[in-house]
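Below: model-v4.csv (CSV, C-alpha atoms)
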```csv
chain,number,residue,atom,x,y,z
P,573,ARG,CA,-70.8,-7.3,36.6
P,574,HIS,CA,-70.4,-3.6,37.6
P,575,ILE,CA,-67.0,-2.1,36.9
P,576,HIS,CA,-66.3,1.0,38.9
P,577,THR,CA,-64.5,3.7,36.8
P,578,THR,CA,-62.9,6.6,38.6
P,579,PRO,CA,-63.0,10.1,36.9
P,580,THR,CA,-59.2,9.8,36.2
P,581,LYS,CA,-59.7,6.4,34.5
P,582,MET,CA,-62.7,7.8,32.6
P,583,ALA,CA,-60.7,10.7,31.3
P,584,SER,CA,-57.9,8.4,30.1
P,585,ILE,CA,-60.3,6.4,27.9
P,586,LEU,CA,-62.4,9.3,26.5
P,587,PRO,CA,-61.4,10.7,23.1
P,588,LYS,CA,-59.5,14.0,23.2
P,589,ILE,CA,-61.9,16.8,22.4
P,590,GLY,CA,-59.5,19.7,22.1
P,591,ARG,CA,-60.3,21.4,25.5
P,592,ILE,CA,-57.7,24.1,26.3
P,593,ARG,CA,-56.7,25.5,29.6
P,594,PRO,CA,-54.6,28.8,29.9
P,595,ASN,CA,-52.4,27.4,32.7
P,596,LYS,CA,-51.2,24.5,30.6
P,597,THR,CA,-51.1,26.3,27.3
P,598,SER,CA,-48.2,27.9,25.4
P,599,LEU,CA,-48.3,30.2,22.3
P,600,PHE,CA,-45.9,29.3,19.5
P,601,VAL,CA,-45.1,31.8,16.8
P,602,CYS,CA,-43.3,30.1,13.9
P,603,ASP,CA,-41.0,32.1,11.6
P,604,VAL,CA,-43.1,35.2,10.8
P,605,GLN,CA,-40.1,36.9,9.2
P,606,ASP,CA,-39.5,40.0,7.0
P,607,ARG,CA,-38.2,38.1,3.9
P,608,PHE,CA,-41.5,36.2,3.7
P,609,ARG,CA,-43.7,39.3,3.8
P,610,PRO,CA,-44.2,39.9,0.1
P,611,LEU,CA,-44.3,36.1,-0.7
P,612,ILE,CA,-46.8,34.6,1.6
P,613,SER,CA,-50.5,34.3,0.7
P,614,ASN,CA,-52.6,36.4,3.1
P,615,MET,CA,-49.6,37.5,5.1
P,616,ASN,CA,-51.5,40.5,6.5
P,617,SER,CA,-53.9,38.1,8.2
P,618,VAL,CA,-51.0,36.0,9.6
P,619,VAL,CA,-49.4,39.2,11.1
P,620,HIS,CA,-52.7,40.6,12.4
P,621,THR,CA,-53.7,37.2,14.0
P,622,THR,CA,-50.3,36.7,15.5
P,623,LYS,CA,-50.5,40.2,17.1
P,624,GLN,CA,-53.9,39.5,18.5
P,625,LEU,CA,-52.8,36.2,20.0
P,626,LEU,CA,-49.6,37.8,21.5
P,627,SER,CA,-51.9,40.4,23.1
P,628,THR,CA,-54.1,37.6,24.4
P,629,ALA,CA,-51.1,35.7,25.8
P,630,SER,CA,-50.0,38.9,27.6
P,631,ILE,CA,-53.5,39.4,29.1
P,632,LEU,CA,-53.9,35.8,30.2
P,633,SER,CA,-50.2,35.2,31.2
P,634,ILE,CA,-49.7,32.5,28.6
P,635,PRO,CA,-46.0,31.8,27.9
P,636,VAL,CA,-44.7,32.5,24.3
P,637,VAL,CA,-42.1,30.9,22.1
P,638,ILE,CA,-41.0,32.7,18.9
P,639,THR,CA,-38.6,31.2,16.3
P,640,GLU,CA,-36.8,32.5,13.3
P,641,GLN,CA,-35.7,30.3,10.4
P,642,ASN,CA,-32.1,31.1,9.4
P,643,PRO,CA,-32.5,34.8,10.2
P,644,LYS,CA,-29.2,35.8,8.5
P,645,ALA,CA,-30.9,34.8,5.2
P,646,LEU,CA,-34.6,35.4,5.9
P,647,GLY,CA,-34.5,38.4,8.2
P,648,LYS,CA,-35.9,39.1,11.6
P,649,THR,CA,-39.4,38.6,12.9
P,650,VAL,CA,-41.9,41.1,11.5
P,651,ALA,CA,-42.0,44.0,14.0
P,652,ASP,CA,-45.8,44.5,13.3
P,653,ILE,CA,-46.7,41.3,15.2
P,654,TYR,CA,-45.8,42.8,18.6
P,655,PRO,CA,-48.7,44.5,20.6
P,656,LYS,CA,-48.5,48.3,21.0
P,657,ASP,CA,-47.1,48.1,24.5
P,658,LYS,CA,-44.5,45.4,23.6
P,659,LYS,CA,-41.3,45.0,21.7
P,660,GLU,CA,-39.0,42.2,20.7
P,661,SER,CA,-37.0,42.3,24.0
P,662,ASP,CA,-40.2,41.6,25.9
P,663,TYR,CA,-40.1,38.1,24.5
P,664,PRO,CA,-36.9,36.4,25.8
P,665,ASN,CA,-37.9,32.9,24.4
P,666,ASN,CA,-37.0,33.9,20.9
P,667,PHE,CA,-34.7,31.4,19.1
P,668,SER,CA,-33.0,31.2,15.7
P,669,LYS,CA,-32.9,27.8,14.1
P,670,MET,CA,-32.0,25.8,11.0
P,671,LYS,CA,-34.3,22.9,11.7
P,672,PHE,CA,-37.7,23.3,10.1
P,673,SER,CA,-39.6,22.3,13.2
P,674,MET,CA,-39.7,24.7,16.2
P,675,ILE,CA,-38.9,21.8,18.5
P,676,ILE,CA,-35.2,22.5,19.1
P,677,PRO,CA,-33.5,21.6,22.4
P,678,GLU,CA,-34.1,25.0,23.9
P,679,VAL,CA,-37.8,24.8,23.2
P,680,ASP,CA,-38.1,21.2,24.3
P,681,LYS,CA,-36.6,22.3,27.7
P,682,LEU,CA,-39.3,25.0,28.0
P,683,LEU,CA,-42.1,22.6,27.2
P,684,MET,CA,-41.0,20.4,30.1
P,685,GLU,CA,-40.4,23.3,32.4
P,686,TRP,CA,-43.8,24.8,31.7
P,687,GLU,CA,-45.6,21.4,31.8
P,688,THR,CA,-47.3,22.4,28.5
P,689,SER,CA,-50.2,20.2,27.5
P,690,SER,CA,-51.6,22.3,24.7
P,691,VAL,CA,-49.9,24.6,22.1
P,692,ILE,CA,-51.6,27.4,20.1
P,693,LEU,CA,-49.7,27.6,16.8
P,694,VAL,CA,-49.4,30.4,14.3
P,695,GLY,CA,-46.8,31.1,11.6
P,696,ILE,CA,-45.4,30.1,8.2
P,697,GLU,CA,-45.1,28.1,6.1
P,698,SER,CA,-48.0,25.8,6.8
P,699,HIS,CA,-46.7,22.8,4.8
P,700,VAL,CA,-43.1,23.0,6.1
P,701,CYS,CA,-42.1,24.5,9.4
P,702,VAL,CA,-45.7,24.6,10.9
P,703,LEU,CA,-46.5,21.1,9.8
P,704,GLN,CA,-43.2,19.6,11.2
P,705,THR,CA,-43.7,21.5,14.5
P,706,VAL,CA,-47.2,20.0,14.7
P,707,LEU,CA,-45.9,16.5,14.2
P,708,ASP,CA,-43.1,16.9,16.8
P,709,LEU,CA,-45.5,18.2,19.4
P,710,LEU,CA,-48.1,15.5,18.7
P,711,GLU,CA,-45.4,12.9,19.1
P,712,LYS,CA,-44.8,14.3,22.6
P,713,GLY,CA,-48.4,13.9,23.5
P,714,ILE,CA,-49.1,17.7,23.4
P,715,GLU,CA,-52.3,18.8,21.8
P,716,VAL,CA,-51.9,21.3,19.0
P,717,HIS,CA,-54.4,24.1,18.0
P,718,VAL,CA,-53.5,25.4,14.6
P,719,VAL,CA,-55.0,28.9,14.1
P,720,ALA,CA,-56.1,28.9,10.4
P,721,ASP,CA,-56.2,32.7,10.0
P,722,GLY,CA,-52.7,32.9,11.5
P,723,VAL,CA,-51.0,30.2,9.3
P,724,SER,CA,-50.2,30.3,5.6
P,725,SER,CA,-47.9,29.4,2.7
P,726,GLN,CA,-46.7,31.0,-0.5
P,727,ARG,CA,-49.1,28.8,-2.5
P,728,PRO,CA,-52.7,28.5,-1.3
P,729,ALA,CA,-52.8,24.8,-2.4
P,730,ASP,CA,-50.0,24.0,0.0
P,731,ARG,CA,-52.0,25.6,2.8
P,732,VAL,CA,-55.1,23.6,2.1
P,733,VAL,CA,-53.3,20.3,1.9
P,734,ALA,CA,-51.2,21.1,5.0
P,735,PHE,CA,-54.4,21.7,7.1
P,736,GLU,CA,-55.7,18.3,6.0
P,737,ARG,CA,-52.4,16.7,6.8
P,738,MET,CA,-52.4,18.2,10.3
P,739,LYS,CA,-56.0,17.1,10.9
P,740,GLN,CA,-55.1,13.5,9.8
P,741,SER,CA,-52.3,13.5,12.4
P,742,GLY,CA,-54.6,14.7,15.2
P,743,ALA,CA,-54.2,18.5,15.4
P,744,TRP,CA,-57.1,20.8,15.9
P,745,ILE,CA,-57.7,23.4,13.2
P,746,THR,CA,-59.4,26.5,14.6
P,747,THR,CA,-59.6,30.3,14.3
P,748,SER,CA,-58.2,33.1,16.4
P,749,GLU,CA,-61.6,34.3,17.7
P,750,SER,CA,-62.6,30.7,18.6
P,751,ILE,CA,-59.4,30.0,20.5
P,752,MET,CA,-59.4,33.4,22.3
P,753,LEU,CA,-63.0,32.8,23.6
P,754,GLN,CA,-62.2,29.2,24.4
P,755,LEU,CA,-59.4,30.3,26.7
P,756,LEU,CA,-61.9,32.6,28.5
P,757,GLU,CA,-64.7,30.0,28.8
P,758,THR,CA,-67.2,32.6,30.1
P,759,ALA,CA,-68.3,36.2,29.6
P,760,SER,CA,-67.9,36.7,33.3
P,761,HIS,CA,-64.1,36.2,33.0
P,762,LYS,CA,-62.3,39.2,34.5
P,763,ASP,CA,-60.4,39.7,31.2
P,764,PHE,CA,-63.5,39.4,28.9
P,765,LYS,CA,-63.7,43.1,28.1
P,766,SER,CA,-60.0,43.3,27.1
P,767,ILE,CA,-60.3,40.2,24.8
P,768,SER,CA,-63.6,41.5,23.4
P,769,ALA,CA,-61.9,44.8,22.5
P,770,LEU,CA,-59.3,42.8,20.5
P,771,LEU,CA,-62.0,40.9,18.7
P,772,LYS,CA,-63.7,44.1,17.5
P,773,GLU,CA,-60.6,45.2,15.6
P,774,LYS,CA,-60.9,45.1,11.8
P,775,ARG,CA,-59.3,42.0,10.3
P,776,PRO,CA,-57.6,41.6,6.9
P,777,PRO,CA,-58.9,38.8,4.6
P,778,SER,CA,-57.6,35.4,5.7
P,779,GLY,CA,-58.3,33.4,2.5
P,780,ILE,CA,-59.9,30.7,4.6
P,781,LEU,CA,-63.2,30.8,2.7
P,782,SER,CA,-61.6,30.4,-0.7
P,783,ASN,CA,-59.5,27.5,0.7
P,784,LEU,CA,-62.7,25.8,2.0
P,785,LYS,CA,-64.3,26.1,-1.4
P,786,LYS,CA,-61.2,24.5,-3.0
P,787,ARG,CA,-61.5,21.7,-0.4
P,788,LEU,CA,-65.2,21.1,-1.2
P,789,VAL,CA,-64.4,20.8,-4.9
P,790,ILE,CA,-61.7,18.2,-4.1
P,791,VAL,CA,-64.2,16.2,-1.9
P,792,LYS,CA,-66.9,16.3,-4.6
P,793,LYS,CA,-64.4,15.1,-7.2
P,794,LYS,CA,-63.5,12.1,-5.0
P,795,LYS,CA,-67.2,11.2,-4.7
```
Take the structure I supplied and represent it as C-alpha cells, if you would.
Amino acid sequence: RHIHTTPTKMASILPKIGRIRPNKTSLFVCDVQDRFRPLISNMNSVVHTTKQLLSTASILSIPVVITEQNPKALGKTVADIYPKDKKESDYPNNFSKMKFSMIIPEVDKLLMEWETSSVILVGIESHVCVLQTVLDLLEKGIEVHVVADGVSSQRPADRVVAFERMKQSGAWITTSESIMLQLLETASHKDFKSISALLKEKRPPSGILSNLKKRLVIVKKKK
C-alpha cells in the first residue's frame, strides 16, 4: 500500500540536522562582562568571536540579545565586543538579570515577536548561564547553535563537560567560521566579501584543540 507523504509531513518526521536560516535566527550574547575578563579561560577568544558574530549579525540583519548577570557586582559588558562602527546604545535589547538563563520575560517576548527558530549562542560561563540558556531554548523547540570558540568557563574542565551536556540535550556545537558561512550558504551571496574579510582577521587561541584532546583521553579511559 502506497502512502503519500507531503513535503511538510516529510519535514516533520525527518531528524533535525541543524540547518540555519538568517531570517529565523537570533544571536544571543550571554554575560560577557568586565569582572570575568581576567578569570575566564581563553577570554580573548570569547571577546573576538563575539565581536565577529555581532558584525555578521549587523551585515545580515540578524536580531541580537545581550544580557548582563548582576551588573552591579559583575560589571558591564566588555566594550571590545562591539564592532568598530557600533556602540552599546546600538543594541537596545540589552538586559540585566539575576536568573542564570538568558530566558527572562523580556527575552521570551522577543523570541515570540521575532518568530525565532534558531539561536546562535556565545558567552560565559559555559556550564552555568550558557548551559541553562540552552536548556530553556531547547524546551521551547528552538534549535541552539553553541559557538565553541565564543563560549568558555573559568575552568577548562567545566567547559569540556558543558559542551558534552549541551550535545546530550540536543544543541549543536559549532565554530564561528562554520556558522558564519552556513548563514551565507553560497559564495555568490551579496555579503560574502564582507563576511570573508571578517574571517581573515587574526584570531586568538580558543583552547578548543586542548579541550578535544582531554575529551579523547576521557573516551579512551571509558573503553
- Which one of P:Glu736, P:Glu715, P:Asp652, P:Glu749 sits closest to Gln605 of chain P if you count only C-alpha atoms? P:Asp652
- If you count only C-alpha atoms, which residues fall within 12 Å of Asp721 of chain P, apart from same-chain ones fewer than 6 positions away, as an NGL selection string? :P and (613-625 or 693-696 or 698 or 731 or 735 or 745-751 or 775-781 or 783)
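Counting all atoms listed in the file, Lys671 of chain P has the following residues at most 12 Å away, ignoring those fewer than 6 positions along the same chain: P:Cys602, P:Asp603, P:Thr639, P:Glu640, P:Gln641, P:Asn642, P:Pro677, P:Val700, P:Cys701, P:Val702, P:Gln704, P:Thr705, P:Asp708.
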- Separation of atom CA of Ser668 of chain P from atom CA of Lys648 of chain P, in Å and rounded to one decimal: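 Atom CA of Lys648 of chain P lies at a distance of 9.4 Å from atom CA of Ser668 of chain P.
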- Considering all atoms listed in the file, return as an MDAnalysis selection string whatever protein or nucleic-acid residues lie within 10 Å of Leu632 of chain P, sequence-local ones (same chain, fewer than 4 positions apart) excluded. chainID P and resid 594:595 626:628 752 755:756 763 767
- Query: P:Ser673, P:Thr688, P:Ser630, P:Ser760: which is nearest Lys596 of chain P, counting only C-alpha atoms?
  - Reply: P:Thr688
- Distance of atom CA of Asp662 of chain P from atom CA of Glu757 of chain P, expressed in Å to one decimal place: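 Between atom CA of Glu757 of chain P and atom CA of Asp662 of chain P the gap works out to 27.3 Å.
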- Message: Rounded to one decimal, what separation in Å do you get between atom CA of Lys644 of chain P and atom CA of Phe672 of chain P?
- Response: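 One can read the atom CA of Lys644 of chain P to atom CA of Phe672 of chain P distance as 15.2 Å.
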- Nearest to Ser690 of chain P: which of P:Phe667, P:Phe608, P:Phe764, P:Trp744 is it, counting all atoms listed in the file?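 Using all atoms listed in the file, the shortest distance to Ser690 of chain P belongs to P:Trp744.
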- Query: Restricting the calculation to only C-alpha atoms, which member of P:His699, P:Ala729, P:Thr649, P:Glu687 is positioned closest to Lys712 of chain P?
  - Reply: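 Closest to Lys712 of chain P, using only C-alpha atoms: P:Glu687.
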- Item | Neighbour residues at most 8 Å from (-41.7, 24.5, 23.1) (all atoms listed in the file) as an NGL selection string | :P and (598 or 600 or 637 or 674-676 or 678-683)
- Item | Closest of P:Thr597, P:Ala743, P:Gly722, P:Ile631 to Leu770 of chain P - atom-to-atom distances counting only C-alpha atoms |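 Under the stated criterion, the closest residue is P:Ile631.
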- Message: When you count only C-alpha atoms, which of these residues is closest to Val716 of chain P: P:Lys656, P:Lys762, P:Lys669, P:Arg591?
- Response: P:Arg591
